[in-house]
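target33.tsv follows (TSV, C-alpha atoms and all ligand atoms):
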```tsv
chain	number	residue	atom	x	y	z
A	1	MET	CA	-8.71	22.02	13.73
A	2	SER	CA	-6.00	24.63	13.71
A	3	LEU	CA	-2.67	22.91	13.29
A	4	ASN	CA	0.80	24.22	12.58
A	5	VAL	CA	0.85	22.73	9.11
A	6	GLU	CA	4.21	24.19	7.99
A	7	LEU	CA	6.00	22.92	11.06
A	8	LEU	CA	4.44	19.46	10.74
A	9	GLU	CA	5.35	19.22	7.05
A	10	GLN	CA	8.89	20.48	7.59
A	11	SER	CA	9.65	18.11	10.44
A	12	PHE	CA	8.21	15.15	8.53
A	13	GLU	CA	10.45	15.99	5.55
A	14	GLN	CA	13.40	15.86	7.96
A	15	ILE	CA	12.65	12.34	9.16
A	16	LYS	CA	11.72	11.02	5.68
A	17	PRO	CA	15.26	9.83	4.77
A	18	SER	CA	15.18	7.65	7.91
A	19	ALA	CA	11.47	6.81	7.69
A	20	ASN	CA	11.93	3.02	7.89
A	21	GLU	CA	14.19	3.27	10.92
A	22	PHE	CA	11.76	5.79	12.40
A	23	VAL	CA	8.81	3.36	12.35
A	24	SER	CA	11.01	0.51	13.64
A	25	THR	CA	12.13	2.64	16.58
A	26	PHE	CA	8.52	3.68	17.16
A	27	TYR	CA	7.32	0.08	17.60
A	28	THR	CA	10.39	-1.01	19.61
A	29	THR	CA	9.81	1.89	22.02
A	30	LEU	CA	6.06	1.23	22.20
A	31	PHE	CA	6.56	-2.46	22.96
A	32	GLU	CA	9.29	-1.83	25.53
A	33	ASN	CA	7.30	0.75	27.44
A	34	TYR	CA	3.81	-0.69	27.08
A	35	PRO	CA	3.77	-4.50	26.98
A	36	ASP	CA	-0.05	-4.48	27.16
A	37	ALA	CA	-0.21	-2.58	23.89
A	38	ALA	CA	2.43	-4.93	22.46
A	39	SER	CA	0.21	-7.94	23.07
A	40	LEU	CA	-2.27	-6.61	20.50
A	41	PHE	CA	0.42	-7.14	17.85
A	42	ALA	CA	1.18	-10.76	18.87
A	43	ASN	CA	0.10	-12.16	15.47
A	44	THR	CA	1.03	-9.18	13.35
A	45	ASP	CA	3.48	-9.25	10.45
A	46	MET	CA	5.54	-6.31	11.76
A	47	ALA	CA	7.37	-5.68	8.47
A	48	LYS	CA	4.00	-5.03	6.81
A	49	GLN	CA	2.67	-3.14	9.80
A	50	LYS	CA	5.61	-0.73	9.78
A	51	LYS	CA	4.90	0.09	6.13
A	52	LYS	CA	1.21	0.60	6.90
A	53	LEU	CA	1.96	2.98	9.75
A	54	LEU	CA	4.39	4.91	7.58
A	55	ASN	CA	1.80	5.14	4.78
A	56	ALA	CA	-0.77	6.40	7.29
A	57	LEU	CA	1.62	9.10	8.51
A	58	VAL	CA	2.35	10.13	4.91
A	59	LEU	CA	-1.38	10.29	4.19
A	60	VAL	CA	-1.94	12.52	7.21
A	61	ILE	CA	0.88	14.90	6.26
A	62	GLN	CA	-0.18	15.04	2.61
A	63	ASN	CA	-3.74	15.92	3.54
A	64	LEU	CA	-3.27	18.44	6.34
A	65	ARG	CA	-4.74	21.06	3.99
A	66	LYS	CA	-7.64	18.78	2.97
A	67	PRO	CA	-9.64	18.19	6.15
A	68	GLU	CA	-12.45	16.38	4.31
A	69	VAL	CA	-10.00	13.70	3.07
A	70	LEU	CA	-8.30	13.48	6.45
A	71	ASN	CA	-11.55	13.29	8.41
A	72	SER	CA	-13.02	10.40	6.49
A	73	ALA	CA	-9.74	8.45	6.22
A	74	LEU	CA	-9.07	8.75	9.96
A	75	ARG	CA	-12.64	7.94	11.00
A	76	GLY	CA	-12.41	4.82	8.84
A	77	LEU	CA	-9.03	3.85	10.31
A	78	GLY	CA	-10.41	4.36	13.83
A	79	ALA	CA	-13.37	2.09	13.09
A	80	LYS	CA	-10.99	-0.68	11.94
A	81	HIS	CA	-9.10	-0.43	15.23
A	82	ILE	CA	-12.03	-1.80	17.23
A	83	ALA	CA	-11.45	-5.19	15.61
A	84	TYR	CA	-7.72	-4.97	16.51
A	85	GLY	CA	-8.60	-4.77	20.21
A	86	THR	CA	-7.47	-1.15	20.50
A	87	LEU	CA	-9.11	0.73	23.37
A	88	PRO	CA	-9.37	4.49	23.87
A	89	GLU	CA	-6.79	4.22	26.67
A	90	HIS	CA	-4.19	2.98	24.18
A	91	TYR	CA	-4.26	6.18	22.13
A	92	PRO	CA	-2.22	8.36	24.53
A	93	LEU	CA	0.45	5.63	24.70
A	94	VAL	CA	0.88	5.72	20.95
A	95	GLY	CA	0.89	9.54	21.02
A	96	ILE	CA	3.62	9.71	23.68
A	97	THR	CA	5.68	7.14	21.78
A	98	LEU	CA	5.30	8.97	18.47
A	99	ILE	CA	6.50	12.21	20.06
A	100	LYS	CA	9.44	10.48	21.76
A	101	THR	CA	10.43	8.98	18.41
A	102	PHE	CA	10.32	12.39	16.70
A	103	GLU	CA	12.39	13.84	19.51
A	104	PHE	CA	14.98	11.08	19.08
A	105	TYR	CA	15.27	11.48	15.30
A	106	LEU	CA	15.20	15.28	15.19
A	107	GLY	CA	17.77	15.64	17.94
A	108	LYS	CA	18.87	19.24	18.28
A	109	ASP	CA	16.15	20.35	15.84
A	110	TRP	CA	13.42	19.24	18.25
A	111	THR	CA	11.90	22.37	19.81
A	112	PRO	CA	9.04	23.10	22.23
A	113	GLU	CA	7.09	24.49	19.22
A	114	LEU	CA	7.51	21.20	17.37
A	115	GLN	CA	6.50	19.26	20.45
A	116	GLN	CA	3.33	21.35	20.66
A	117	ALA	CA	2.65	21.03	16.92
A	118	TRP	CA	2.86	17.21	17.05
A	119	ALA	CA	0.93	16.94	20.32
A	120	ASP	CA	-1.90	19.01	18.77
A	121	ALA	CA	-1.77	16.98	15.57
A	122	TYR	CA	-1.88	13.68	17.43
A	123	ASP	CA	-4.80	14.87	19.57
A	124	ALA	CA	-6.71	15.76	16.41
A	125	ILE	CA	-5.81	12.42	14.74
A	126	ALA	CA	-6.80	10.39	17.82
A	127	ALA	CA	-10.06	12.35	18.24
A	128	LEU	CA	-11.06	11.59	14.64
A	129	MET	CA	-10.12	7.92	14.94
A	130	LEU	CA	-12.09	7.62	18.19
A	131	GLU	CA	-15.05	9.39	16.58
A	132	GLY	CA	-15.02	6.74	13.87
A	133	ALA	CA	-14.74	3.95	16.39
A	134	SER	CA	-17.90	4.56	18.47
A	135	TYR	CA	-16.75	2.63	21.51
A	136	SER	CA	-19.30	1.36	23.98
A	137	GLU	CA	-19.93	3.33	27.19
A	138	GLU	CA	-18.12	0.55	29.09
A	139	ALA	CA	-14.94	0.81	27.03
A	140	ILE	CA	-14.85	4.58	27.46
A	141	LYS	CA	-15.43	4.35	31.24
A	142	LEU	CA	-12.42	2.04	31.47
A	143	THR	CA	-10.22	4.97	30.47
A	144	LEU	CA	-11.44	7.38	33.16
B	201	LIG	C1	-2.38	7.82	15.20
B	201	LIG	C2	-2.81	6.66	15.62
B	201	LIG	C3	-2.72	5.39	14.81
B	201	LIG	C4	-2.43	5.22	13.49
B	201	LIG	C5	-2.10	6.28	12.45
B	201	LIG	C6	-2.50	3.79	13.23
B	201	LIG	C7	-2.31	3.19	12.01
B	201	LIG	C8	-2.61	1.88	11.71
B	201	LIG	C9	-2.72	1.32	10.39
B	201	LIG	C10	-2.54	2.10	9.08
B	201	LIG	C11	-3.02	0.01	10.52
B	201	LIG	C12	-3.26	-1.00	9.39
B	201	LIG	C13	-4.72	-1.02	9.01
B	201	LIG	C14	-5.00	-1.95	7.85
B	201	LIG	O1	-4.41	-3.03	7.75
B	201	LIG	O2	-5.83	-1.57	7.01
B	201	LIG	C15	-3.09	-0.28	11.93
B	201	LIG	C16	-3.33	-1.51	12.47
B	201	LIG	C17	-3.25	-1.78	13.81
B	201	LIG	N1	-3.09	-0.85	14.81
B	201	LIG	FE1	-2.96	1.13	14.62
B	201	LIG	N2	-2.81	3.12	14.39
B	201	LIG	C18	-2.95	4.08	15.39
B	201	LIG	C19	-3.23	3.84	16.69
B	201	LIG	C20	-3.21	2.60	17.27
B	201	LIG	C21	-3.29	2.33	18.68
B	201	LIG	C22	-3.49	3.40	19.75
B	201	LIG	C23	-3.16	0.99	18.85
B	201	LIG	C24	-3.15	0.23	20.15
B	201	LIG	C25	-2.05	-0.05	20.74
B	201	LIG	C26	-3.03	0.40	17.53
B	201	LIG	C27	-2.92	-0.95	17.25
B	201	LIG	C28	-3.06	-1.51	16.00
B	201	LIG	C29	-3.19	-2.93	15.75
B	201	LIG	C30	-3.18	-4.04	16.82
B	201	LIG	C31	-3.31	-3.10	14.38
B	201	LIG	C32	-3.53	-4.42	13.61
B	201	LIG	C33	-2.26	-5.11	13.27
B	201	LIG	C34	-2.56	-6.40	12.52
B	201	LIG	O3	-3.01	-6.32	11.36
B	201	LIG	O4	-2.33	-7.46	13.08
B	201	LIG	N3	-3.05	1.39	16.60
B	201	LIG	N4	-2.84	0.88	12.64
```
Could you express the structure from this file as structure tokens?
Ligand code: HEM
Amino acid sequence: MSLNVELLEQSFEQIKPSANEFVSTFYTTLFENYPDAASLFANTDMAKQKKKLLNALVLVIQNLRKPEVLNSALRGLGAKHIAYGTLPEHYPLVGITLIKTFEFYLGKDWTPELQQAWADAYDAIAALMLEGASYSEEAIKLTL
């Protein structure tokens, strides 16, 4: 994958001081816009979940230059998501929400280049997670 590593790292550094608020806003926005996705978190301890998401984002950013680490971590994370009820069709919803959240926190520093950098990064993340998840033909057809 050819990602704009510098831009991704830089923008993540910028949101780091507000990282906890960032993940809170992410889930609030996701749940408001996509109640179906929200229902998957009905029994989730959201305080813990926010930390887990933040840790996953940190892991991704820290390993952008180590594709072997990133590939196996994200395939493993994707495999776990089958048990959470996550379907392939949910991935774009999370991607759109993540980008909206970045846009909100970066304000005037949000640029079309950053938007592209994060869209490419999310596509690569989601592709690896879905690779690890080996969904059935039926689940994949549901998304078409
Ligand atoms: C970039 C994409 C994603 C990342 C980085 C991510 C990250 C994570 C992490 C780190 C966990 C905790 C795993 C653990 O406990 O070991 C988790 C759990 C979960 N994720 Fe995701 N996730 C992603 C996409 C999605 C999508 C698309 C959905 C569907 C809406 C989703 C729904 C869930 C649910 C329901 C759980 C389980 C919560 C619980 O423990 O009750 N995730 N995710």
Check your understanding: Quick one: residues within 6 Å of ligand LIG 201 (chain B), with only C-alpha atoms and all ligand atoms, as a ChimeraX atom specification?
Key -> /A:37,40-41,43-44,52-53,56,84,86,90-91,94,125-126
Review point. Hey, which of A:Asn71, A:Leu54, A:Gly132, A:Met46 ends up closest to A:Phe12? Count all atoms listed in the file.
Key: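 With all atoms listed in the file as the atom set, the closest residue is A:Leu54.
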Practice item. Can you work out which one of A:Ser134, A:Ser72, A:Gln49, A:Thr97 has the shortest atom-to-atom distance to A:Tyr122, counting all atoms listed in the file? Key: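 Of A:Ser134, A:Ser72, A:Gln49, A:Thr97, the one nearest A:Tyr122 is A:Thr97, counting all atoms listed in the file.
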Review point. Atom CA of A:Lys48 and atom CA of A:Val60 are how many Å apart?
Key: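 Between atom CA of A:Lys48 and atom CA of A:Val60 the gap is 18.5 Å.
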Practice item. Please measure the separation of atom CA of A:Gly107 and atom CA of A:Arg65, giving the value in Å to one decimal. Key: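 So the answer is 27.0 Å.
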Point to revise | Long-range neighbours of A:Glu6 as a ChimeraX atom specification, 12 Å cut-off, only C-alpha atoms, 5 positions minimum in chain | key: /A:11-13,61-62,64-65,113-114,117-118
**Study point:** Nearest residue to A:Ile15 from the set A:Tyr34, A:Phe102, A:Trp110, A:Tyr27 (distances using all atoms listed in the file)
**Key:**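 Of all the options, A:Phe102 lies closest to A:Ile15.
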Review point. Which neighbours of A:Gly76 fall inside 10 Å, counting all atoms listed in the file, when residues of the same chain fewer than 4 positions from it are skipped, and could you give them as a PyMOL selection string?
Key: chain A and resi 70-72+80-81+128-133
Written selection (C-alpha atoms) as an mmCIF file, in the frame of the given file:
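Full text of out-v6.cif as output:
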```
data_model
loop_
_atom_site.group_PDB
_atom_site.id
_atom_site.type_symbol
_atom_site.label_atom_id
_atom_site.label_comp_id
_atom_site.auth_asym_id
_atom_site.auth_seq_id
_atom_site.Cartn_x
_atom_site.Cartn_y
_atom_site.Cartn_z
ATOM 1 C CA LEU A 70 -8.300 13.480 6.450
ATOM 2 C CA ASN A 71 -11.550 13.290 8.410
ATOM 3 C CA SER A 72 -13.020 10.400 6.490
ATOM 4 C CA LYS A 80 -10.990 -0.680 11.940
ATOM 5 C CA HIS A 81 -9.100 -0.430 15.230
ATOM 6 C CA LEU A 128 -11.060 11.590 14.640
ATOM 7 C CA MET A 129 -10.120 7.920 14.940
ATOM 8 C CA LEU A 130 -12.090 7.620 18.190
ATOM 9 C CA GLU A 131 -15.050 9.390 16.580
ATOM 10 C CA GLY A 132 -15.020 6.740 13.870
ATOM 11 C CA ALA A 133 -14.740 3.950 16.390
#
```
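Atom to atom, atom CA of A:Asp45 and atom CA of A:Thr29 stand 17.3 Å apart.
Closest approach to A:Glu89 from the set A:Glu103, A:Asp36, A:Glu9, A:Glu21 is made by A:Asp36, with distances taken over all atoms listed in the file.
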Find the smallest box with edges along x, y and z containing every listed atom of stretch 45-55 of chain A, then add 3 Å on each side and report centre and edge lengths in Å to one decimal, as lines of an AutoDock Vina configuration file.
```
center_x = 4.3
center_y = -2.1
center_z = 8.3
size_x = 12.2
size_y = 20.4
size_z = 13.0
```
Check your understanding: So which one's closest to A:Lys66, A:Val5, A:Leu87, A:Ala127, A:Val23? Using all atoms listed in the file, please.
Key -> A:Val5
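Comparing the minimum interatomic distances between A:Ser24 and each of A:Gln116, A:Pro88, A:Lys51, A:Ala121, counting all atoms listed in the file, we find that A:Lys51 sits nearest.
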Supply stretch 59-83 of chain A as a PDB file, in the coordinates of the input, with N, CA and C atoms built in where the input has gaps.
```
ATOM      1  N   LEU A  59      -0.027   9.843   4.567  1.00  0.00           N
ATOM      2  CA  LEU A  59      -1.380  10.290   4.190  1.00  0.00           C
ATOM      3  C   LEU A  59      -1.830  11.490   5.034  1.00  0.00           C
ATOM      4  N   VAL A  60      -1.550  11.412   6.322  1.00  0.00           N
ATOM      5  CA  VAL A  60      -1.940  12.520   7.210  1.00  0.00           C
ATOM      6  C   VAL A  60      -1.216  13.798   6.772  1.00  0.00           C
ATOM      7  N   ILE A  61       0.099  13.703   6.610  1.00  0.00           N
ATOM      8  CA  ILE A  61       0.880  14.900   6.260  1.00  0.00           C
ATOM      9  C   ILE A  61       0.442  15.458   4.903  1.00  0.00           C
ATOM     10  N   GLN A  62       0.199  14.571   3.943  1.00  0.00           N
ATOM     11  CA  GLN A  62      -0.180  15.040   2.610  1.00  0.00           C
ATOM     12  C   GLN A  62      -1.550  15.708   2.580  1.00  0.00           C
ATOM     13  N   ASN A  63      -2.365  15.403   3.579  1.00  0.00           N
ATOM     14  CA  ASN A  63      -3.740  15.920   3.540  1.00  0.00           C
ATOM     15  C   ASN A  63      -4.065  16.902   4.659  1.00  0.00           C
ATOM     16  N   LEU A  64      -3.017  17.477   5.256  1.00  0.00           N
ATOM     17  CA  LEU A  64      -3.270  18.440   6.340  1.00  0.00           C
ATOM     18  C   LEU A  64      -4.091  19.634   5.840  1.00  0.00           C
ATOM     19  N   ARG A  65      -3.979  19.940   4.547  1.00  0.00           N
ATOM     20  CA  ARG A  65      -4.740  21.060   3.990  1.00  0.00           C
ATOM     21  C   ARG A  65      -6.065  20.599   3.396  1.00  0.00           C
ATOM     22  N   LYS A  66      -6.380  19.310   3.525  1.00  0.00           N
ATOM     23  CA  LYS A  66      -7.640  18.780   2.970  1.00  0.00           C
ATOM     24  C   LYS A  66      -8.408  18.055   4.069  1.00  0.00           C
ATOM     25  N   PRO A  67      -9.002  18.819   4.997  1.00  0.00           N
ATOM     26  CA  PRO A  67      -9.640  18.190   6.150  1.00  0.00           C
ATOM     27  C   PRO A  67     -10.709  17.157   5.786  1.00  0.00           C
ATOM     28  N   GLU A  68     -11.386  17.342   4.641  1.00  0.00           N
ATOM     29  CA  GLU A  68     -12.450  16.380   4.310  1.00  0.00           C
ATOM     30  C   GLU A  68     -11.852  15.002   4.023  1.00  0.00           C
ATOM     31  N   VAL A  69     -10.677  14.984   3.365  1.00  0.00           N
ATOM     32  CA  VAL A  69     -10.000  13.700   3.070  1.00  0.00           C
ATOM     33  C   VAL A  69      -9.509  13.084   4.379  1.00  0.00           C
ATOM     34  N   LEU A  70      -8.866  13.936   5.188  1.00  0.00           N
ATOM     35  CA  LEU A  70      -8.300  13.480   6.450  1.00  0.00           C
ATOM     36  C   LEU A  70      -9.387  12.938   7.384  1.00  0.00           C
ATOM     37  N   ASN A  71     -10.477  13.689   7.488  1.00  0.00           N
ATOM     38  CA  ASN A  71     -11.550  13.290   8.410  1.00  0.00           C
ATOM     39  C   ASN A  71     -12.093  11.914   8.062  1.00  0.00           C
ATOM     40  N   SER A  72     -12.388  11.681   6.783  1.00  0.00           N
ATOM     41  CA  SER A  72     -13.020  10.400   6.490  1.00  0.00           C
ATOM     42  C   SER A  72     -12.003   9.268   6.566  1.00  0.00           C
ATOM     43  N   ALA A  73     -10.751   9.514   6.136  1.00  0.00           N
ATOM     44  CA  ALA A  73      -9.740   8.450   6.220  1.00  0.00           C
ATOM     45  C   ALA A  73      -9.500   8.063   7.681  1.00  0.00           C
ATOM     46  N   LEU A  74      -9.396   9.057   8.568  1.00  0.00           N
ATOM     47  CA  LEU A  74      -9.070   8.750   9.960  1.00  0.00           C
ATOM     48  C   LEU A  74     -10.260   8.156  10.710  1.00  0.00           C
ATOM     49  N   ARG A  75     -11.478   8.587  10.373  1.00  0.00           N
ATOM     50  CA  ARG A  75     -12.640   7.940  11.000  1.00  0.00           C
ATOM     51  C   ARG A  75     -12.684   6.468  10.604  1.00  0.00           C
ATOM     52  N   GLY A  76     -12.408   6.199   9.328  1.00  0.00           N
ATOM     53  CA  GLY A  76     -12.410   4.820   8.840  1.00  0.00           C
ATOM     54  C   GLY A  76     -11.330   3.984   9.524  1.00  0.00           C
ATOM     55  N   LEU A  77     -10.138   4.560   9.663  1.00  0.00           N
ATOM     56  CA  LEU A  77      -9.030   3.850  10.310  1.00  0.00           C
ATOM     57  C   LEU A  77      -9.374   3.563  11.780  1.00  0.00           C
ATOM     58  N   GLY A  78     -10.007   4.529  12.426  1.00  0.00           N
ATOM     59  CA  GLY A  78     -10.410   4.360  13.830  1.00  0.00           C
ATOM     60  C   GLY A  78     -11.410   3.215  13.965  1.00  0.00           C
ATOM     61  N   ALA A  79     -12.354   3.150  13.042  1.00  0.00           N
ATOM     62  CA  ALA A  79     -13.370   2.090  13.090  1.00  0.00           C
ATOM     63  C   ALA A  79     -12.703   0.715  12.993  1.00  0.00           C
ATOM     64  N   LYS A  80     -11.699   0.597  12.092  1.00  0.00           N
ATOM     65  CA  LYS A  80     -10.990  -0.680  11.940  1.00  0.00           C
ATOM     66  C   LYS A  80     -10.306  -1.105  13.236  1.00  0.00           C
ATOM     67  N   HIS A  81      -9.861  -0.126  14.021  1.00  0.00           N
ATOM     68  CA  HIS A  81      -9.100  -0.430  15.230  1.00  0.00           C
ATOM     69  C   HIS A  81      -9.905  -1.122  16.319  1.00  0.00           C
ATOM     70  N   ILE A  82     -11.231  -1.060  16.241  1.00  0.00           N
ATOM     71  CA  ILE A  82     -12.030  -1.800  17.230  1.00  0.00           C
ATOM     72  C   ILE A  82     -11.712  -3.286  17.107  1.00  0.00           C
ATOM     73  N   ALA A  83     -11.693  -3.763  15.860  1.00  0.00           N
ATOM     74  CA  ALA A  83     -11.450  -5.190  15.610  1.00  0.00           C
ATOM     75  C   ALA A  83     -10.028  -5.596  16.026  1.00  0.00           C
TER      76      ALA A  83
END
```
